[in-house]
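K.L.:
Please read through the structure below; I'll follow up with questions.
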Amino acid sequence: MSAIIQPATLVLIILAGYLFKRMHLFGSRDYRIVQTAEFNLILPGAIAYSFATNPHDVSLLAVSAFSLTAALLPSLLIYLCSRHRPVSDRAFLMLNGSGFNIGCFCFPVLQSLLGSPALVPAAMFDIGNSVMVAAGTNVIMQTLLHIEPGKTLAQQHAGQSPTLPYMRPMDHDARRLQRRALYRNVARGFLSSASFDTYILMVLLMLIGVTLPDWITTVASPFYSANAFCSMLMVGMLTELPRDMHDIKAVLEIIGWRLPCSLAFAAAAWFLLPFDPIVREAVALCCLAPTAIFATMFTDKVLGNARLAGFTLSVTAVIAIIMMMGFHLLVGA
């Protein structure tokens, strides 16, 4: 029963955030306050707590490589298959069609289904996943679609073309300056993510054999406890029902991309990874997770439509709970 109640509670928190906004207890833009705290303080603290309280085996970096592949391939497939779509549609699909909500969603669900040992492979899965969702997917999307960072598509006067206008500089110095600007954008995208930076620091400490002191656990514990609640509340605060048929089709298209990809990667994790059943099931369940919480932030920055991304996350969270429960009952590790 607890395995059902825990993930269902996350959905109820989303619903509470949405209802509180509809009742005007929250303002329409108040979600940005929680968003800032979640991405820059709470989630990094939860990551540090996970590493401080659970031993992480270096061999599990293979799980990180697997998750990096699972988070990267769908975005590239969407880019190739949507080459005749408007740039706004392509950006939304690339940002929301790949990546997984691990720290905010899977951690509490896995703990209910498999217990604390499942959090270690989940954290290692989130390392590779975080490379993409915390920065990589957004950087790839901006680069491939020629979107200027820091401005929404409306501010860049995006039309119906598949990408924004782009002309390759003919001058050698101009090309060199353009490459330098691209490298700066990539570096800024990664280094400005507090969660990604925390993961990198934790991995480096793990590789050199440094054990985190007990006081780190004490300091990070409140952030770990607040992580699931704050992230799901934020999703509810920014969620709005689809405005028209175009929004409904966009959400259905995200589901159409995520379902087969998630099931394929979950099957690959269960049958191909060289680990014990608990680790393989934990990784497989992570592959069934809903859209990444970071997708709401990047969708807001690029499209100015975080609400549709929030609704997408809410819908995929319900689907994820059903699939994760079904998979757990099927394999019964």
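Residues are named by chain letter and number: chains run A, B, ... in the order of the structure tokens, numbers start at 1 in each chain, and ligands are numbered from 1 in the order shown.
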Taking only C-alpha atoms into account, produce a table as JSON lines in which each residue of region 288-331 of chain A with an atom at most 12 Å from an atom of region 22-34 of chain A appears once, together with its shortest atom pair and the distance in Å to one decimal, ordered by chain and rising number.
P.N.:
{"residue": "A:Thr296", "atom": "CA", "partner": "A:Arg32", "partner_atom": "CA", "distance": 10.6}
{"residue": "A:Met297", "atom": "CA", "partner": "A:Arg32", "partner_atom": "CA", "distance": 9.0}
{"residue": "A:Asp300", "atom": "CA", "partner": "A:Arg32", "partner_atom": "CA", "distance": 10.2}
{"residue": "A:Lys301", "atom": "CA", "partner": "A:Arg32", "partner_atom": "CA", "distance": 11.6}
{"residue": "A:Gly304", "atom": "CA", "partner": "A:Arg29", "partner_atom": "CA", "distance": 11.9}
{"residue": "A:Asn305", "atom": "CA", "partner": "A:Arg29", "partner_atom": "CA", "distance": 12.0}
{"residue": "A:Ala306", "atom": "CA", "partner": "A:Tyr31", "partner_atom": "CA", "distance": 10.0}
{"residue": "A:Arg307", "atom": "CA", "partner": "A:Ser28", "partner_atom": "CA", "distance": 10.1}
{"residue": "A:Gly310", "atom": "CA", "partner": "A:Tyr31", "partner_atom": "CA", "distance": 10.8}
K.L.:
Wanna dump the region 65-179 of chain A-region 49-56 of chain A contacts at 12 Å for me, each residue with its shortest atom pair and the distance in Å to one decimal, counting only C-alpha atoms, ordered by chain and number, as CSV?
P.N.:
residue,atom,partner,partner_atom,distance
A:Gly103,CA,A:Ser50,CA,9.6
A:Phe107,CA,A:Ser50,CA,9.7
A:Ser116,CA,A:Asn54,CA,8.6
A:Pro117,CA,A:Asn54,CA,8.1
A:Ala118,CA,A:Asn54,CA,10.1
A:Leu119,CA,A:Ser50,CA,7.6
A:Val120,CA,A:His56,CA,6.3
A:Pro121,CA,A:His56,CA,8.1
A:Ala122,CA,A:Ser50,CA,9.8
A:Ala123,CA,A:Ser50,CA,7.2
A:Met124,CA,A:His56,CA,7.8
A:Phe125,CA,A:His56,CA,11.5
A:Asp126,CA,A:Ser50,CA,11.2
A:Ile127,CA,A:Phe51,CA,11.4
K.L.:
Please produce an output containing C-alpha atoms for each residue in the selection, written as a short mmCIF file (atom, residue, chain, number, x, y, z; two decimals), in the first residue's frame.
P.N.:
data_model
loop_
_atom_site.label_atom_id
_atom_site.label_comp_id
_atom_site.auth_asym_id
_atom_site.auth_seq_id
_atom_site.Cartn_x
_atom_site.Cartn_y
_atom_site.Cartn_z
CA GLY A 103 15.74 13.45 -8.08
CA PHE A 107 13.80 8.95 -5.50
CA SER A 116 16.96 2.69 0.24
CA PRO A 117 19.45 0.49 -1.74
CA ALA A 118 17.69 1.57 -4.95
CA LEU A 119 18.67 5.21 -4.37
CA VAL A 120 22.33 4.52 -5.17
CA PRO A 121 21.80 3.34 -8.79
CA ALA A 122 19.14 6.03 -9.17
CA ALA A 123 21.65 8.70 -8.16
CA MET A 124 24.22 7.27 -10.58
CA PHE A 125 21.55 7.23 -13.29
CA ASP A 126 20.81 10.87 -12.57
CA ILE A 127 24.46 11.84 -13.12
#
K.L.:
For Ile140 (chain A), work out the shell of residues within 9 Å, counting only C-alpha atoms and skipping chain neighbours fewer than 5 positions away, then give it as a PyMOL selection string.
P.N.:
chain A and resi 75-76+135+145+186
K.L.:
Write the residues of the preceding selection, restricted to N, CA, C and O atoms, as a CSV table (one decimal), in the first residue's frame.
P.N.:
chain,number,residue,atom,x,y,z
A,75,SER,N,16.2,13.1,-28.1
A,75,SER,CA,16.3,14.5,-28.5
A,75,SER,C,16.8,14.6,-29.9
A,75,SER,O,16.3,15.4,-30.8
A,76,LEU,N,17.8,13.8,-30.3
A,76,LEU,CA,18.4,13.8,-31.6
A,76,LEU,C,17.4,13.2,-32.6
A,76,LEU,O,17.3,13.7,-33.7
A,135,ALA,N,21.5,20.9,-18.6
A,135,ALA,CA,22.1,21.9,-19.6
A,135,ALA,C,22.2,21.3,-21.0
A,135,ALA,O,21.9,22.0,-22.0
A,145,LEU,N,19.0,24.5,-33.6
A,145,LEU,CA,17.9,25.3,-34.2
A,145,LEU,C,18.3,26.8,-34.3
A,145,LEU,O,17.5,27.6,-34.7
A,186,VAL,N,28.1,26.9,-24.5
A,186,VAL,CA,28.1,25.6,-23.9
A,186,VAL,C,28.6,25.5,-22.5
A,186,VAL,O,28.0,24.9,-21.6
K.L.:
Excluding same-chain residues fewer than 4 positions from Asn101 (chain A), what lies within 10 Å of it counting only C-alpha atoms, as a list of chain:residue names?
P.N.:
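Result of the neighbour search: A:Phe105, A:Cys106, A:Phe107, A:Asp126, A:Asn129, A:Ser130, A:Val133, A:Cys286, A:Cys287, A:Leu288, A:Ala289, A:Pro290, A:Thr291, A:Ala292, A:Ile293, A:Phe294, A:Ala295, A:Leu313, A:Ala317.
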K.L.:
Pick out the residues sitting within 8 Å of Val11 (chain A), and hand them over as a PyMOL selection string; count only C-alpha atoms, and ignore anything fewer than 4 positions along from it in its own chain.
P.N.:
chain A and resi 7+15+232+314+317-318
K.L.:
Write the selection just made, keeping N, CA and C atoms, as a PDB file, in the first residue's frame?
P.N.:
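Final output, part_23.pdb:
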ATOM      1  N   PRO A   7       3.820   7.575  -4.488  1.00  0.00           N
ATOM      2  CA  PRO A   7       3.741   8.290  -5.762  1.00  0.00           C
ATOM      3  C   PRO A   7       2.414   9.013  -5.960  1.00  0.00           C
ATOM      4  N   LEU A  15      -1.596  18.662  -7.730  1.00  0.00           N
ATOM      5  CA  LEU A  15      -2.978  19.133  -7.765  1.00  0.00           C
ATOM      6  C   LEU A  15      -3.200  20.268  -6.770  1.00  0.00           C
ATOM      7  N   MET A 232       7.236  19.239  -6.796  1.00  0.00           N
ATOM      8  CA  MET A 232       5.883  18.936  -7.256  1.00  0.00           C
ATOM      9  C   MET A 232       4.935  20.113  -7.036  1.00  0.00           C
ATOM     10  N   SER A 314       2.803  16.883 -15.442  1.00  0.00           N
ATOM     11  CA  SER A 314       1.737  16.312 -14.616  1.00  0.00           C
ATOM     12  C   SER A 314       1.147  15.071 -15.269  1.00  0.00           C
ATOM     13  N   ALA A 317       3.605  12.240 -15.288  1.00  0.00           N
ATOM     14  CA  ALA A 317       3.811  11.712 -13.938  1.00  0.00           C
ATOM     15  C   ALA A 317       2.765  10.641 -13.626  1.00  0.00           C
ATOM     16  N   VAL A 318       1.518  10.894 -13.999  1.00  0.00           N
ATOM     17  CA  VAL A 318       0.460   9.896 -13.772  1.00  0.00           C
ATOM     18  C   VAL A 318       0.757   8.633 -14.576  1.00  0.00           C
TER      19      VAL A 318
END
K.L.:
As JSON, numbers by chain, which residues of region 99-237 of chain A does DSSP assign to helix (DSSP H, G or I)?
P.N.:
{"A": [102, 103, 104, 105, 106, 107, 108, 109, 110, 111, 112, 113, 114, 116, 117, 118, 119, 120, 121, 122, 123, 124, 125, 126, 127, 128, 129, 130, 131, 132, 133, 134, 135, 136, 137, 138, 139, 140, 141, 142, 143, 144, 145, 172, 173, 174, 175, 176, 177, 178, 179, 180, 181, 182, 183, 184, 185, 186, 187, 188, 189, 190, 191, 194, 195, 196, 197, 198, 199, 200, 201, 202, 203, 204, 205, 206, 207, 214, 215, 216, 217, 218, 219, 220, 221, 222, 223, 224, 225, 226, 227, 228, 229, 230, 231, 232, 233, 234, 235, 236, 237]}
K.L.:
Keeping C-alpha atoms, export the residues of the selection given above as a short mmCIF file (atom, residue, chain, number, x, y, z; two decimals), in the first residue's frame.
P.N.:
data_model
loop_
_atom_site.label_atom_id
_atom_site.label_comp_id
_atom_site.auth_asym_id
_atom_site.auth_seq_id
_atom_site.Cartn_x
_atom_site.Cartn_y
_atom_site.Cartn_z
CA ILE A 102 14.86 11.43 -11.17
CA GLY A 103 15.74 13.45 -8.08
CA CYS A 104 12.30 14.98 -7.62
CA PHE A 105 10.12 12.03 -8.64
CA CYS A 106 11.98 8.71 -8.83
CA PHE A 107 13.80 8.95 -5.50
CA PRO A 108 10.64 8.77 -3.34
CA VAL A 109 8.96 6.25 -5.65
CA LEU A 110 11.98 3.92 -5.73
CA GLN A 111 12.38 4.16 -1.98
CA SER A 112 8.77 2.99 -1.61
CA LEU A 113 9.06 0.18 -4.15
CA LEU A 114 12.60 -1.13 -3.57
CA SER A 116 16.96 2.69 0.24
CA PRO A 117 19.45 0.49 -1.74
CA ALA A 118 17.69 1.57 -4.95
CA LEU A 119 18.67 5.21 -4.37
CA VAL A 120 22.33 4.52 -5.17
CA PRO A 121 21.80 3.34 -8.79
CA ALA A 122 19.14 6.03 -9.17
CA ALA A 123 21.65 8.70 -8.16
CA MET A 124 24.22 7.27 -10.58
CA PHE A 125 21.55 7.23 -13.29
CA ASP A 126 20.81 10.87 -12.57
CA ILE A 127 24.46 11.84 -13.12
CA GLY A 128 24.29 11.01 -16.84
CA ASN A 129 20.72 12.22 -17.04
CA SER A 130 21.66 15.51 -15.39
CA VAL A 131 24.31 16.18 -18.05
CA MET A 132 21.44 16.42 -20.53
CA VAL A 133 18.46 17.78 -18.60
CA ALA A 134 20.38 20.36 -16.55
CA ALA A 135 22.10 21.86 -19.57
CA GLY A 136 22.93 19.52 -22.46
CA THR A 137 19.52 19.22 -24.13
CA ASN A 138 18.99 22.98 -24.00
CA VAL A 139 22.46 23.69 -25.44
CA ILE A 140 21.98 21.11 -28.23
CA MET A 141 18.53 22.48 -29.03
CA GLN A 142 19.76 26.08 -29.19
CA THR A 143 22.74 25.10 -31.34
CA LEU A 144 20.84 22.93 -33.83
CA LEU A 145 17.91 25.33 -34.16
CA HIS A 172 38.00 33.22 -41.03
CA ASP A 173 38.13 35.56 -38.03
CA ALA A 174 34.35 35.78 -37.91
CA ARG A 175 34.09 31.98 -37.85
CA ARG A 176 36.67 31.85 -35.06
CA LEU A 177 34.68 34.37 -33.01
CA GLN A 178 31.50 32.41 -33.66
CA ARG A 179 33.10 29.18 -32.45
CA ARG A 180 34.35 30.96 -29.36
CA ALA A 181 30.85 32.26 -28.67
CA LEU A 182 29.46 28.74 -29.09
CA TYR A 183 32.01 27.32 -26.64
CA ARG A 184 31.15 30.05 -24.13
CA ASN A 185 27.45 29.26 -24.51
CA VAL A 186 28.08 25.55 -23.94
CA ALA A 187 30.28 26.21 -20.90
CA ARG A 188 27.79 28.72 -19.49
CA GLY A 189 24.93 26.25 -19.98
CA PHE A 190 26.68 23.59 -17.92
CA LEU A 191 28.49 25.67 -15.31
CA ALA A 194 23.97 24.27 -9.66
CA SER A 195 22.69 20.68 -9.82
CA PHE A 196 25.10 19.69 -12.58
CA ASP A 197 28.01 21.34 -10.75
CA THR A 198 27.08 19.46 -7.56
CA TYR A 199 27.02 16.14 -9.41
CA ILE A 200 30.43 16.82 -10.97
CA LEU A 201 31.89 17.69 -7.56
CA MET A 202 30.40 14.56 -5.96
CA VAL A 203 31.74 12.31 -8.74
CA LEU A 204 35.22 13.81 -8.45
CA LEU A 205 35.20 13.23 -4.69
CA MET A 206 34.02 9.66 -5.29
CA LEU A 207 36.78 8.97 -7.82
CA ASP A 214 28.88 13.63 8.82
CA TRP A 215 28.10 17.32 9.09
CA ILE A 216 27.35 17.39 5.34
CA THR A 217 24.56 14.88 5.98
CA THR A 218 23.16 17.02 8.78
CA VAL A 219 23.24 20.21 6.70
CA ALA A 220 21.82 18.61 3.54
CA SER A 221 19.07 16.62 5.26
CA PRO A 222 16.43 19.42 5.23
CA PHE A 223 16.99 19.99 1.50
CA TYR A 224 16.57 16.27 0.78
CA SER A 225 13.34 16.21 2.78
CA ALA A 226 11.95 19.27 0.98
CA ASN A 227 12.95 18.20 -2.54
CA ALA A 228 9.94 16.13 -3.63
CA PHE A 229 7.39 18.47 -2.05
CA CYS A 230 8.82 21.72 -3.42
CA SER A 231 9.38 20.39 -6.93
CA MET A 232 5.88 18.94 -7.26
CA LEU A 233 4.30 22.04 -5.72
CA MET A 234 6.16 24.17 -8.25
CA VAL A 235 4.83 22.02 -11.10
CA GLY A 236 1.29 22.49 -9.83
CA MET A 237 1.80 26.25 -9.54
#
K.L.:
Please identify all polymer residues within 7 Å of Ser98 (chain A), counting only C-alpha atoms, omitting same-chain residues fewer than 3 positions from it, and present them as a PyMOL selection string.
P.N.:
chain A and resi 71+74-75+94-95
K.L.:
Keeping only all heavy atoms, take the residues you just selected and write them out as a compact mmCIF listing (two decimals), in the first residue's frame.
P.N.:
# COMPACT_ATOMS: atom_id res chain seq x y z
N ALA A 71 19.05 9.71 -22.38
CA ALA A 71 18.56 11.09 -22.38
C ALA A 71 18.93 11.84 -23.65
O ALA A 71 18.26 12.82 -24.02
CB ALA A 71 19.11 11.84 -21.17
N PRO A 74 16.71 10.34 -27.75
CA PRO A 74 15.39 10.82 -28.16
C PRO A 74 15.40 12.25 -28.67
O PRO A 74 14.70 12.58 -29.63
CB PRO A 74 14.56 10.70 -26.87
CG PRO A 74 15.22 9.62 -26.11
CD PRO A 74 16.68 9.80 -26.37
N SER A 75 16.20 13.11 -28.06
CA SER A 75 16.26 14.51 -28.51
C SER A 75 16.80 14.60 -29.93
O SER A 75 16.29 15.37 -30.75
CB SER A 75 17.15 15.32 -27.55
OG SER A 75 17.15 16.68 -27.90
N MET A 94 11.87 18.83 -28.35
CA MET A 94 13.22 18.44 -27.95
C MET A 94 13.43 18.61 -26.44
O MET A 94 14.10 17.79 -25.80
CB MET A 94 14.26 19.24 -28.72
CG MET A 94 14.34 18.89 -30.20
SD MET A 94 15.57 19.85 -31.11
CE MET A 94 17.09 19.16 -30.44
N LEU A 95 12.87 19.66 -25.88
CA LEU A 95 13.07 19.92 -24.45
C LEU A 95 12.27 18.98 -23.57
O LEU A 95 12.72 18.59 -22.49
CB LEU A 95 12.70 21.37 -24.12
CG LEU A 95 13.66 22.46 -24.63
CD1 LEU A 95 13.07 23.83 -24.37
CD2 LEU A 95 15.02 22.34 -23.97
K.L.:
Between CA of Gln6 (chain A) and CA of Val251 (chain A), what is the spacing in Å?
P.N.:
25.2 Å
K.L.:
Which neighbours of Pro165 (chain A) fall inside 10 Å, counting only C-alpha atoms, when residues of the same chain fewer than 3 positions from it are skipped, and could you give them as a ChimeraX atom specification?
P.N.:
/A:145-147,156,158-159,161-162
K.L.:
So, with only C-alpha atoms as the atoms that count, which of A:Thr69, A:Phe39, A:Ile319, A:Gln160 lies closest to Val87 (chain A)?
P.N.:
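So, comparing all the options, the nearest one is A:Gln160.
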K.L.:
Between A:Leu241, A:Glu148, A:Phe271, A:Leu285, which residue has the minimum interatomic distance to Met325 (chain A), considering only C-alpha atoms?
P.N.:
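Ranked by minimum distance to Met325 (chain A), first place goes to A:Leu285.
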K.L.:
When distances are computed from only C-alpha atoms, which of A:Leu19, A:Leu60, A:Ala37, A:Ala46 shows the smallest separation from Arg280 (chain A)?
P.N.:
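For Arg280 (chain A), the nearest of the given residues is A:Leu60.
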K.L.:
Using only C-alpha atoms for the distances, tell me which of A:Leu73, A:Leu303, A:Ala284, A:Leu308 is nearest to Ala320 (chain A).
P.N.:
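Comparing A:Leu73, A:Leu303, A:Ala284, A:Leu308 against Ala320 (chain A), the winner is A:Ala284.
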